[in-house]
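For reference, model-v7.cif is printed below; it contains mmCIF, C-alpha atoms.
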```
data_my_file
#
loop_
_atom_site.group_PDB
_atom_site.id
_atom_site.type_symbol
_atom_site.label_atom_id
_atom_site.label_comp_id
_atom_site.auth_asym_id
_atom_site.auth_seq_id
_atom_site.Cartn_x
_atom_site.Cartn_y
_atom_site.Cartn_z
ATOM 1 C CA MET A 1 39.071 -8.242 -16.831
ATOM 2 C CA SER A 2 36.656 -5.411 -17.636
ATOM 3 C CA ASP A 3 36.531 -2.196 -15.641
ATOM 4 C CA LEU A 4 33.248 -3.252 -14.065
ATOM 5 C CA GLN A 5 34.640 -6.620 -13.038
ATOM 6 C CA SER A 6 37.691 -4.913 -11.590
ATOM 7 C CA ILE A 7 35.473 -2.604 -9.521
ATOM 8 C CA ALA A 8 33.358 -5.602 -8.482
ATOM 9 C CA THR A 9 36.498 -7.407 -7.274
ATOM 10 C CA LYS A 10 37.564 -4.398 -5.222
ATOM 11 C CA LEU A 11 34.057 -3.995 -3.856
ATOM 12 C CA ARG A 12 33.960 -7.658 -2.851
ATOM 13 C CA ALA A 13 37.274 -7.232 -0.995
ATOM 14 C CA LEU A 14 35.861 -4.183 0.771
ATOM 15 C CA ALA A 15 32.732 -6.148 1.691
ATOM 16 C CA LYS A 16 34.888 -8.941 3.091
ATOM 17 C CA ASP A 17 36.883 -6.449 5.190
ATOM 18 C CA SER A 18 33.637 -5.002 6.453
ATOM 19 C CA GLY A 19 32.358 -8.484 7.316
ATOM 20 C CA ASP A 20 35.606 -9.189 9.207
ATOM 21 C CA THR A 21 35.147 -5.902 11.052
ATOM 22 C CA ALA A 22 31.599 -6.891 11.996
ATOM 23 C CA ASP A 23 32.912 -10.220 13.347
ATOM 24 C CA ALA A 24 35.635 -8.445 15.302
ATOM 25 C CA VAL A 25 33.141 -6.012 16.821
ATOM 26 C CA ARG A 26 30.884 -8.925 17.748
ATOM 27 C CA GLY A 27 33.893 -10.447 19.532
ATOM 28 C CA THR A 28 34.268 -7.192 21.444
ATOM 29 C CA THR A 29 30.584 -7.336 22.348
ATOM 30 C CA LYS A 30 31.067 -10.821 23.787
ATOM 31 C CA VAL A 31 33.974 -9.589 25.899
ATOM 32 C CA LEU A 32 31.829 -6.690 27.132
ATOM 33 C CA ARG A 33 29.067 -9.105 28.092
ATOM 34 C CA SER A 34 31.468 -11.295 30.002
ATOM 35 C CA LEU A 35 32.704 -8.136 31.755
ATOM 36 C CA GLY A 36 29.083 -7.504 32.674
ATOM 37 C CA GLY A 37 29.074 -10.874 34.467
ATOM 38 C CA GLU A 38 32.189 -9.934 36.421
ATOM 39 C CA VAL A 39 30.588 -6.633 37.420
ATOM 40 C CA ASP A 40 27.536 -8.506 38.665
ATOM 41 C CA ARG A 41 29.809 -10.513 40.942
ATOM 42 C CA LEU A 42 31.345 -7.297 42.316
ATOM 43 C CA LYS A 43 27.855 -5.921 42.846
ATOM 44 C CA ARG A 44 26.876 -8.988 44.845
ATOM 45 C CA ARG A 45 29.819 -8.216 47.121
ATOM 46 C CA GLY A 46 28.274 -4.838 47.876
ATOM 47 C CA ILE A 47 30.532 -2.725 45.658
ATOM 48 C CA ASP A 48 28.870 0.228 43.920
ATOM 49 C CA THR A 49 29.283 -0.632 40.223
ATOM 50 C CA ARG A 50 26.718 1.720 38.707
ATOM 51 C CA GLN A 51 29.195 3.892 36.789
ATOM 52 C CA LEU A 52 31.109 0.898 35.496
ATOM 53 C CA SER A 53 27.885 -0.883 34.497
ATOM 54 C CA GLY A 54 26.703 2.237 32.682
ATOM 55 C CA ALA A 55 29.968 2.520 30.764
ATOM 56 C CA ILE A 56 29.834 -1.157 29.760
ATOM 57 C CA GLN A 57 26.215 -0.897 28.645
ATOM 58 C CA GLU A 58 26.986 2.206 26.611
ATOM 59 C CA ALA A 59 29.981 0.513 24.961
ATOM 60 C CA GLU A 60 27.906 -2.585 24.259
ATOM 61 C CA ALA A 61 25.130 -0.565 22.578
ATOM 62 C CA LYS A 62 27.710 1.235 20.432
ATOM 63 C CA ALA A 63 29.379 -2.055 19.533
ATOM 64 C CA VAL A 64 26.031 -3.555 18.479
ATOM 65 C CA ALA A 65 25.336 -0.504 16.298
ATOM 66 C CA ALA A 66 28.860 -0.621 14.804
ATOM 67 C CA ALA A 67 28.532 -4.323 14.000
ATOM 68 C CA HIS A 68 25.189 -3.619 12.338
ATOM 69 C CA ALA A 69 26.689 -0.800 10.264
ATOM 70 C CA ALA A 70 29.645 -2.945 9.168
ATOM 71 C CA LYS A 71 27.300 -5.833 8.298
ATOM 72 C CA THR A 72 25.178 -3.458 6.216
ATOM 73 C CA VAL A 73 28.247 -2.329 4.261
ATOM 74 C CA GLN A 74 29.183 -5.980 3.746
ATOM 75 C CA SER A 75 25.782 -7.054 2.408
ATOM 76 C CA LYS A 76 25.335 -3.958 0.226
ATOM 77 C CA GLY A 77 28.910 -4.283 -1.064
ATOM 78 C CA GLU A 78 28.387 -7.938 -1.979
ATOM 79 C CA HIS A 79 25.068 -7.109 -3.624
ATOM 80 C CA TRP A 80 26.591 -4.370 -5.790
ATOM 81 C CA ALA A 81 29.634 -6.487 -6.553
ATOM 82 C CA ASP A 82 27.285 -9.200 -7.842
ATOM 83 C CA LEU A 83 25.399 -6.665 -9.963
ATOM 84 C CA LEU A 84 28.583 -5.189 -11.406
ATOM 85 C CA ALA A 85 30.089 -8.607 -12.056
ATOM 86 C CA ALA A 86 26.916 -9.671 -13.867
ATOM 87 C CA GLY A 87 26.905 -6.481 -15.946
ATOM 88 C CA GLY A 88 30.621 -6.784 -16.699
ATOM 89 C CA GLY A 89 30.459 -10.242 -18.214
ATOM 90 C CA GLY A 90 28.491 -11.614 -21.141
ATOM 91 C CA SER A 91 26.394 -9.168 -23.120
ATOM 92 C CA SER A 92 27.711 -5.655 -23.596
ATOM 93 C CA SER A 93 24.268 -4.268 -24.279
ATOM 94 C CA GLY A 94 23.490 -3.228 -20.729
ATOM 95 C CA SER A 95 21.183 -6.139 -20.820
ATOM 96 C CA THR A 96 17.572 -6.895 -20.522
ATOM 97 C CA GLN A 97 18.568 -10.518 -20.295
ATOM 98 C CA GLY A 98 16.133 -12.591 -18.247
ATOM 99 C CA SER A 99 13.499 -9.892 -18.241
ATOM 100 C CA GLU A 100 10.772 -12.328 -19.239
ATOM 101 C CA SER A 101 11.528 -14.829 -16.508
ATOM 102 C CA ALA A 102 9.933 -14.687 -13.074
ATOM 103 C CA PRO A 103 11.558 -12.177 -10.726
ATOM 104 C CA SER A 104 13.947 -13.626 -8.175
ATOM 105 C CA ARG A 105 12.884 -13.840 -4.563
ATOM 106 C CA ASP A 106 15.293 -11.016 -3.768
ATOM 107 C CA GLN A 107 13.764 -8.865 -6.497
ATOM 108 C CA GLN A 108 10.268 -9.643 -5.198
ATOM 109 C CA ARG A 109 11.294 -8.543 -1.721
ATOM 110 C CA ARG A 110 12.852 -5.302 -2.903
ATOM 111 C CA ASP A 111 10.049 -4.429 -5.303
ATOM 112 C CA ALA A 112 7.228 -5.148 -2.893
ATOM 113 C CA TYR A 113 8.667 -4.096 0.437
ATOM 114 C CA GLY A 114 11.726 -1.919 -0.176
ATOM 115 C CA ASP A 115 10.011 1.304 0.897
ATOM 116 C CA LEU A 116 8.244 -0.199 3.907
ATOM 117 C CA THR A 117 11.549 -1.761 5.009
ATOM 118 C CA LYS A 118 13.377 1.561 4.859
ATOM 119 C CA LYS A 119 10.678 3.214 6.941
ATOM 120 C CA ALA A 120 10.575 0.315 9.412
ATOM 121 C CA VAL A 121 14.355 0.278 9.885
ATOM 122 C CA ALA A 122 14.351 4.050 10.419
ATOM 123 C CA GLY A 123 11.270 3.942 12.648
ATOM 124 C CA PHE A 124 11.975 0.939 14.855
ATOM 125 C CA PHE A 125 15.738 0.528 14.870
ATOM 126 C CA SER A 126 17.565 2.661 17.401
ATOM 127 C CA PRO A 127 21.335 2.510 17.984
ATOM 128 C CA ASP A 128 20.722 3.227 21.653
ATOM 129 C CA VAL A 129 19.339 -0.191 22.493
ATOM 130 C CA ALA A 130 20.551 -3.732 22.014
ATOM 131 C CA HIS A 131 18.780 -5.523 19.201
ATOM 132 C CA GLU A 132 19.245 -9.116 20.168
ATOM 133 C CA TRP A 133 15.622 -10.214 19.932
ATOM 134 C CA VAL A 134 15.950 -13.925 19.315
ATOM 135 C CA PRO A 135 16.751 -15.344 22.801
ATOM 136 C CA PRO A 136 13.848 -13.569 24.582
ATOM 137 C CA PHE A 137 11.468 -14.495 21.777
ATOM 138 C CA ALA A 138 12.638 -18.113 21.736
ATOM 139 C CA GLY A 139 12.207 -18.155 25.511
ATOM 140 C CA ALA A 140 8.661 -16.856 25.134
ATOM 141 C CA VAL A 141 7.857 -19.413 22.422
ATOM 142 C CA ILE A 142 9.195 -22.317 24.437
ATOM 143 C CA GLY A 143 7.641 -21.061 27.669
ATOM 144 C CA THR A 144 4.266 -20.557 25.992
ATOM 145 C CA PHE A 145 4.173 -24.098 24.721
ATOM 146 C CA LEU A 146 5.453 -25.459 28.001
ATOM 147 C CA GLY A 147 2.727 -23.666 29.923
ATOM 148 C CA ASP A 148 1.068 -26.915 30.951
ATOM 149 C CA ALA A 149 4.224 -28.963 31.290
ATOM 150 C CA ASN A 150 6.110 -29.641 34.479
ATOM 151 C CA GLY A 151 9.153 -27.757 35.682
ATOM 152 C CA ASP A 152 11.452 -30.698 35.040
ATOM 153 C CA ALA A 153 10.791 -30.432 31.314
ATOM 154 C CA VAL A 154 11.822 -26.775 31.351
ATOM 155 C CA GLU A 155 14.924 -27.460 33.392
ATOM 156 C CA ALA A 156 15.926 -30.253 30.997
ATOM 157 C CA LEU A 157 15.428 -27.920 28.063
ATOM 158 C CA ILE A 158 17.462 -25.208 29.740
ATOM 159 C CA ASP A 159 20.269 -27.680 30.451
ATOM 160 C CA THR A 160 20.456 -28.760 26.838
ATOM 161 C CA THR A 161 20.412 -25.109 25.780
ATOM 162 C CA TRP A 162 23.382 -24.315 28.024
ATOM 163 C CA ASP A 163 25.184 -27.297 26.477
ATOM 164 C CA MET A 164 24.513 -25.889 23.024
ATOM 165 C CA VAL A 165 25.964 -22.531 24.092
ATOM 166 C CA ASP A 166 29.059 -24.235 25.475
ATOM 167 C CA ASN A 167 29.473 -26.238 22.284
ATOM 168 C CA GLY A 168 29.168 -23.115 20.173
ATOM 169 C CA ALA A 169 25.982 -24.361 18.474
ATOM 170 C CA ILE A 170 24.147 -21.179 19.498
ATOM 171 C CA PRO A 171 25.854 -17.857 18.878
ATOM 172 C CA TYR A 172 24.907 -16.203 22.141
ATOM 173 C CA GLY A 173 26.681 -15.482 25.353
ATOM 174 C CA ARG A 174 25.373 -16.515 28.718
ATOM 175 C CA GLY A 175 24.035 -13.027 29.427
ATOM 176 C CA LEU A 176 21.520 -13.222 26.609
ATOM 177 C CA LEU A 177 20.669 -16.811 27.371
ATOM 178 C CA THR A 178 19.838 -15.722 30.895
ATOM 179 C CA THR A 179 17.147 -13.526 29.333
ATOM 180 C CA PHE A 180 15.953 -16.507 27.348
ATOM 181 C CA VAL A 181 15.735 -18.710 30.437
ATOM 182 C CA ARG A 182 14.016 -15.961 32.430
ATOM 183 C CA ASP A 183 11.350 -15.517 29.763
ATOM 184 C CA ALA A 184 10.806 -19.262 29.436
ATOM 185 C CA ARG A 185 10.370 -19.574 33.208
ATOM 186 C CA SER A 186 8.118 -16.519 33.340
ATOM 187 C CA HIS A 187 5.764 -17.920 30.683
ATOM 188 C CA LEU A 188 5.805 -21.319 32.354
ATOM 189 C CA TRP A 189 4.831 -19.702 35.645
ATOM 190 C CA LYS A 190 2.012 -17.753 33.965
ATOM 191 C CA GLY A 191 0.763 -20.935 32.318
ATOM 192 C CA LYS A 192 0.607 -22.767 35.612
ATOM 193 C CA ASN A 193 -1.295 -19.937 37.275
ATOM 194 C CA LYS A 194 -3.964 -19.346 34.642
ATOM 195 C CA MET B 1 13.030 -23.440 -1.735
ATOM 196 C CA SER B 2 16.463 -22.241 -2.855
ATOM 197 C CA ASP B 3 16.464 -18.744 -1.374
ATOM 198 C CA PRO B 4 18.434 -18.902 1.902
ATOM 199 C CA LEU B 5 16.529 -16.047 3.560
ATOM 200 C CA GLN B 6 13.188 -17.593 2.688
ATOM 201 C CA ALA B 7 14.365 -20.964 4.002
ATOM 202 C CA ALA B 8 15.713 -19.486 7.273
ATOM 203 C CA VAL B 9 12.432 -17.689 8.021
ATOM 204 C CA ASN B 10 10.442 -20.761 7.047
ATOM 205 C CA ASP B 11 12.493 -22.964 9.393
ATOM 206 C CA ALA B 12 12.035 -20.505 12.263
ATOM 207 C CA VAL B 13 8.264 -20.285 11.798
ATOM 208 C CA THR B 14 7.955 -24.055 11.461
ATOM 209 C CA ALA B 15 9.948 -24.518 14.675
ATOM 210 C CA CYS B 16 7.750 -21.985 16.492
ATOM 211 C CA LEU B 17 4.631 -23.859 15.385
ATOM 212 C CA ALA B 18 6.097 -27.220 16.382
ATOM 213 C CA GLY B 19 6.341 -26.184 19.997
ATOM 214 C CA PRO B 20 8.787 -26.796 22.802
ATOM 215 C CA SER B 21 12.085 -28.001 21.557
ATOM 216 C CA ARG B 22 15.632 -26.788 21.557
ATOM 217 C CA SER B 23 15.239 -26.569 17.796
ATOM 218 C CA VAL B 24 13.198 -23.378 18.343
ATOM 219 C CA LEU B 25 16.238 -21.452 19.486
ATOM 220 C CA LYS B 26 18.450 -23.171 16.950
ATOM 221 C CA ALA B 27 16.078 -22.260 14.102
ATOM 222 C CA LEU B 28 15.595 -18.677 15.284
ATOM 223 C CA ALA B 29 19.283 -18.015 15.967
ATOM 224 C CA PRO B 30 20.368 -17.510 12.332
ATOM 225 C CA LEU B 31 17.757 -14.768 11.883
ATOM 226 C CA SER B 32 19.521 -12.448 14.298
ATOM 227 C CA GLN B 33 22.662 -12.665 12.167
ATOM 228 C CA ILE B 34 20.839 -11.263 9.120
ATOM 229 C CA ASP B 35 20.862 -7.579 8.289
ATOM 230 C CA PRO B 36 17.440 -6.081 9.133
ATOM 231 C CA GLU B 37 17.278 -4.497 5.698
ATOM 232 C CA ASP B 38 17.434 -7.987 4.211
ATOM 233 C CA LEU B 39 15.381 -9.849 6.809
ATOM 234 C CA LEU B 40 12.468 -7.422 7.115
ATOM 235 C CA PRO B 41 11.311 -7.571 3.465
ATOM 236 C CA GLU B 42 11.370 -11.385 3.607
ATOM 237 C CA LEU B 43 9.244 -11.304 6.767
ATOM 238 C CA PHE B 44 6.827 -8.849 5.133
ATOM 239 C CA LEU B 45 6.630 -11.022 2.039
ATOM 240 C CA GLN B 46 5.916 -14.138 4.089
ATOM 241 C CA VAL B 47 3.188 -12.323 6.048
ATOM 242 C CA GLU B 48 1.591 -11.451 2.711
ATOM 243 C CA GLU B 49 1.970 -14.978 1.333
ATOM 244 C CA ALA B 50 0.864 -16.768 4.493
ATOM 245 C CA SER B 51 -2.224 -14.559 4.792
ATOM 246 C CA ASP B 52 -3.254 -15.158 1.187
ATOM 247 C CA GLY B 53 -6.775 -16.606 1.239
ATOM 248 C CA VAL B 54 -7.152 -16.204 5.004
ATOM 249 C CA ASP B 55 -10.482 -14.855 6.222
ATOM 250 C CA LEU B 56 -9.160 -12.281 8.657
ATOM 251 C CA SER B 57 -12.586 -11.847 10.251
ATOM 252 C CA ARG B 58 -12.367 -15.467 11.453
ATOM 253 C CA VAL B 59 -8.850 -15.214 12.868
ATOM 254 C CA THR B 60 -8.733 -16.065 16.546
ATOM 255 C CA GLY B 61 -6.034 -15.595 19.158
ATOM 256 C CA THR B 62 -3.104 -17.992 19.218
ATOM 257 C CA ASP B 63 -0.566 -18.800 21.922
ATOM 258 C CA LEU B 64 1.956 -16.476 20.307
ATOM 259 C CA MET B 65 -0.528 -13.811 19.130
ATOM 260 C CA PRO B 66 -3.268 -13.780 21.783
ATOM 261 C CA ASP B 67 -5.013 -10.643 20.474
ATOM 262 C CA PRO B 68 -6.591 -11.323 17.047
ATOM 263 C CA GLY B 69 -7.123 -7.577 16.618
ATOM 264 C CA VAL B 70 -3.360 -7.031 16.602
ATOM 265 C CA THR B 71 -2.870 -9.905 14.174
ATOM 266 C CA ARG B 72 -5.422 -8.431 11.756
ATOM 267 C CA SER B 73 -3.928 -4.982 12.083
ATOM 268 C CA VAL B 74 -0.389 -6.215 11.346
ATOM 269 C CA VAL B 75 -1.567 -8.172 8.294
ATOM 270 C CA ASP B 76 -3.557 -5.194 7.022
ATOM 271 C CA ALA B 77 -0.575 -2.877 7.507
ATOM 272 C CA VAL B 78 1.780 -5.224 5.643
ATOM 273 C CA ARG B 79 -0.670 -5.813 2.801
ATOM 274 C CA ALA B 80 -1.200 -2.059 2.439
ATOM 275 C CA LYS B 81 2.525 -1.356 2.962
ATOM 276 C CA ASP B 82 1.350 1.230 5.466
ATOM 277 C CA PHE B 83 4.136 2.138 7.867
ATOM 278 C CA ASP B 84 1.949 4.353 10.066
ATOM 279 C CA GLN B 85 -0.480 1.519 10.696
ATOM 280 C CA LEU B 86 2.396 -0.878 11.310
ATOM 281 C CA LYS B 87 3.794 1.515 13.878
ATOM 282 C CA LEU B 88 0.403 1.632 15.598
ATOM 283 C CA SER B 89 0.121 -2.173 15.533
ATOM 284 C CA VAL B 90 3.547 -2.819 17.061
ATOM 285 C CA SER B 91 3.856 -0.782 20.184
ATOM 286 C CA GLY B 92 7.470 -1.488 20.998
ATOM 287 C CA ASP B 93 10.850 -1.368 19.352
ATOM 288 C CA TYR B 94 12.715 -3.300 16.708
ATOM 289 C CA ALA B 95 12.712 -6.492 18.785
ATOM 290 C CA ASP B 96 8.910 -6.334 19.093
ATOM 291 C CA LEU B 97 8.558 -5.755 15.374
ATOM 292 C CA MET B 98 10.628 -8.818 14.487
ATOM 293 C CA THR B 99 8.941 -11.131 16.990
ATOM 294 C CA THR B 100 5.496 -9.859 15.985
ATOM 295 C CA LEU B 101 6.169 -10.535 12.302
ATOM 296 C CA VAL B 102 7.422 -14.086 12.941
ATOM 297 C CA ALA B 103 4.464 -14.776 15.248
ATOM 298 C CA THR B 104 2.058 -13.313 12.681
ATOM 299 C CA ILE B 105 3.384 -15.599 9.941
ATOM 300 C CA ALA B 106 2.932 -18.544 12.306
ATOM 301 C CA ALA B 107 -0.626 -17.424 13.124
ATOM 302 C CA MET B 108 -1.509 -17.049 9.447
ATOM 303 C CA ARG B 109 -0.272 -20.535 8.615
ATOM 304 C CA SER B 110 -2.709 -22.063 11.070
ATOM 305 C CA ALA B 111 -5.600 -19.645 10.346
ATOM 306 C CA PRO B 112 -8.851 -20.760 8.657
ATOM 307 C CA ARG B 113 -8.996 -20.149 4.915
ATOM 308 C CA ALA B 114 -11.905 -18.244 3.386
#
```
How does the structure come out when it is put into structure tokens?
Amino acid sequence: MSDLQSIATKLRALAKDSGDTADAVRGTTKVLRSLGGEVDRLKRRGIDTRQLSGAIQEAEAKAVAAAHAAKTVQSKGEHWADLLAAGGGGSSSGSTQGSESAPSRDQQRRDAYGDLTKKAVAGFFSPDVAHEWVPPFAGAVIGTFLGDANGDAVEALIDTTWDMVDNGAIPYGRGLLTTFVRDARSHLWKGKNK
Amino acid sequence: MSDPLQAAVNDAVTACLAGPSRSVLKALAPLSQIDPEDLLPELFLQVEEASDGVDLSRVTGTDLMPDPGVTRSVVDAVRAKDFDQLKLSVSGDYADLMTTLVATIAAMRSAPRA
């Protein structure tokens, strides 16, 4: 095994550890969200939960940011491990191999939009807010298209969505899916009142 | 289409265009698991590709992108790789940026060609 391949192996192990860390932090985030549900129940009983809610929200935001950071280390580590492994095997020339073939999709992305991506991540991504954007967006998409449909169709869709959450087919907790359902209902309501 | 990122974005946009179905959430869900530094350039690239040959002056509002002015502005910003214009076109945060880019790709796929 060459030095580069040895480094690539170590880097891949580090990337795996980082990926495991990201998964573990995501697990913590799920627990925090379920705690949020318990706090809501206390609130409904008239107990002042503001401080506790604030602490949970703060922890959740930090957990989301930590998971993102660990995931970044994982993907960058894997990427560099691949590069090193490729450079460590085959030709010892440092290699212009494949330079006449079409660039890979990944290369196209990095060449064309690497700079804009860096600026966009720095400019739009804040560790202070949760970045789960899919459930609200999916809710808006579904609600928009269901604007002229009847409420039963939405309820049926929501029921099947809950089933998918329970079966683990959708990687979101009920807290986020509540946002999804709220947005779907909101768009449905707007559609009916045009 | 062998690139997994390209395929995931394509599936999500196709599901958004297809309309109400639980497959919308199922197709969008994998995107949130992808590192923004990997997902964003693929979204930018698909905006560029989907808008190729589109007459932006004839773009109209869609269900997901009601204001054609915003759609044009986002496409222009991506084509020019102009972060300042992108920032002006997307008023909100990261979540708005991602949803706007997916919705823009969807709008471009159904837009009239020049």
Subject >> Among the residues B:Asn10, B:Ser91, B:Thr71, B:Ser51, the one that comes closest to chain A [using all atoms listed in the file] >> reply: B:Ser91
Subject >> Residues matched by the PyMOL selection byres ((chain B and resi 32) around 10), written as an MDAnalysis selection string >> reply: (chainID A and resid 131:135 171) or (chainID B and resid 28:31 33:36 39 98)
Original post:
Near Val9 (chain B), counting all atoms listed in the file, which residues have an atom at most 9 Å away, once you skip same-chain residues fewer than 4 positions from it, shown as a PyMOL selection string?
Top reply: chain B and resi 4-5+13-14+27-28+31+39+42-43+46+102
**OP:** Translate the PyMOL selection byres ((chain B) within 9 of (chain A)), as applied to the file shown, into an explicit residue set as a ChimeraX atom specification.
**Re:** /B:3,5-6,16-17,19-22,24-26,28-32,34-38,40-42,44-45,63-64,78,81-83,86-87,92-99
Original post:
If you apply the PyMOL selection byres ((chain B and resi 113) around 12) to this file, what residues do you get, as a PyMOL selection string?
Top reply: chain B and resi 50-59+108-112+114
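For the atom pair formed by CA of Leu83 (chain A) and CA of Arg79 (chain B), the distance is 29.0 Å, given to one decimal.
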**OP:** Enter the distance from CA of Ile56 (chain A) to CA of Leu32 (chain A), in Å, rounded to one decimal.
**Re:**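 Atom-to-atom, CA of Ile56 (chain A) to CA of Leu32 (chain A), that is 6.4 Å.
Using only C-alpha atoms, the protein and nucleic acid residues lying no more than 10 Å from region 5-17 of chain A, apart from those fewer than 2 places from it along its own chain, are Met1, Ser2, Asp3, Gly19, Asp20, Thr21, Ala22, Asp23, Ala70, Lys71, Thr72, Val73, Gln74, Ser75, Lys76, Gly77, Glu78, His79, Trp80, Ala81, Asp82, Leu83, Leu84, Ala85, Ala86, Gly87, Gly88 and Gly89 of chain A.
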Subject >> Residue with smallest distance to Lys30 (chain A) - pool A:Arg44, A:Thr49, A:Ser18, A:Ala63, counting only C-alpha atoms >> reply: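 Nearest to Lys30 (chain A): A:Ala63.
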**OP:** For each of B:Ala103, B:Ala80, B:Val90, B:Ala18, take the minimum atom-to-atom distance to Met65 (chain B), counting all atoms listed in the file, then give the residue where this is smallest.
**Re:**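 Comparing B:Ala103, B:Ala80, B:Val90, B:Ala18 against Met65 (chain B), the winner is B:Ala103.
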Original post:
Just how far from CA of Ala8 (chain B) is CA of Val25 (chain A), in Å to one decimal?
Top reply: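 Taking CA of Val25 (chain A) as the start and CA of Ala8 (chain B) as the end point, the length is 24.0 Å.
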**OP:** Tell me which of A:Asp183, A:Ser34, A:Gln107, A:Thr28 sits closest to Ala59 (chain A), counting all atoms listed in the file.
**Re:** A:Thr28
Report, as AutoDock Vina command-line options, the centre and edge lengths in Å (one decimal) of the axis-aligned box enclosing every listed atom of region 17-36 of chain B, padded by 3 Å on each side.
```
--center_x 13.6 --center_y -17.0 --center_z 15.5 --size_x 24.0 --size_y 27.9 --size_z 20.5
```
Could you please fill out region 28-39 of chain B with N, CA, C and O atoms and send it back as a compact mmCIF listing (two decimals), keeping the file's coordinate frame?
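Below you can see rebuild_23.txt, which holds the result:
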```
# COMPACT_ATOMS: atom_id res chain seq x y z
N LEU B 28 15.72 -20.14 15.24
CA LEU B 28 15.60 -18.68 15.28
C LEU B 28 16.95 -17.98 15.25
O LEU B 28 17.09 -16.88 14.72
N ALA B 29 17.97 -18.66 15.80
CA ALA B 29 19.28 -18.02 15.97
C ALA B 29 19.84 -17.40 14.68
O ALA B 29 20.32 -16.26 14.70
N PRO B 30 19.78 -18.11 13.55
CA PRO B 30 20.37 -17.51 12.33
C PRO B 30 19.72 -16.19 11.92
O PRO B 30 20.36 -15.36 11.29
N LEU B 31 18.45 -15.99 12.31
CA LEU B 31 17.76 -14.77 11.88
C LEU B 31 18.41 -13.52 12.46
O LEU B 31 18.41 -12.46 11.82
N SER B 32 18.94 -13.65 13.68
CA SER B 32 19.52 -12.45 14.30
C SER B 32 20.85 -12.07 13.64
O SER B 32 21.37 -10.99 13.89
N GLN B 33 21.40 -12.97 12.84
CA GLN B 33 22.66 -12.66 12.17
C GLN B 33 22.43 -11.96 10.82
O GLN B 33 23.37 -11.61 10.13
N ILE B 34 21.15 -11.83 10.44
CA ILE B 34 20.84 -11.26 9.12
C ILE B 34 20.57 -9.77 9.24
O ILE B 34 19.90 -9.33 10.18
N ASP B 35 21.08 -9.02 8.31
CA ASP B 35 20.86 -7.58 8.29
C ASP B 35 19.36 -7.29 8.25
O ASP B 35 18.65 -7.86 7.42
N PRO B 36 18.88 -6.40 9.13
CA PRO B 36 17.44 -6.08 9.13
C PRO B 36 16.91 -5.65 7.77
O PRO B 36 15.77 -5.94 7.42
N GLU B 37 17.75 -4.97 7.02
CA GLU B 37 17.28 -4.50 5.70
C GLU B 37 17.07 -5.66 4.72
O GLU B 37 16.41 -5.50 3.71
N ASP B 38 17.67 -6.79 5.03
CA ASP B 38 17.43 -7.99 4.21
C ASP B 38 16.32 -8.84 4.81
O ASP B 38 15.50 -9.41 4.09
N LEU B 39 16.34 -8.95 6.15
CA LEU B 39 15.38 -9.85 6.81
C LEU B 39 13.95 -9.30 6.78
O LEU B 39 12.99 -10.04 6.54
```
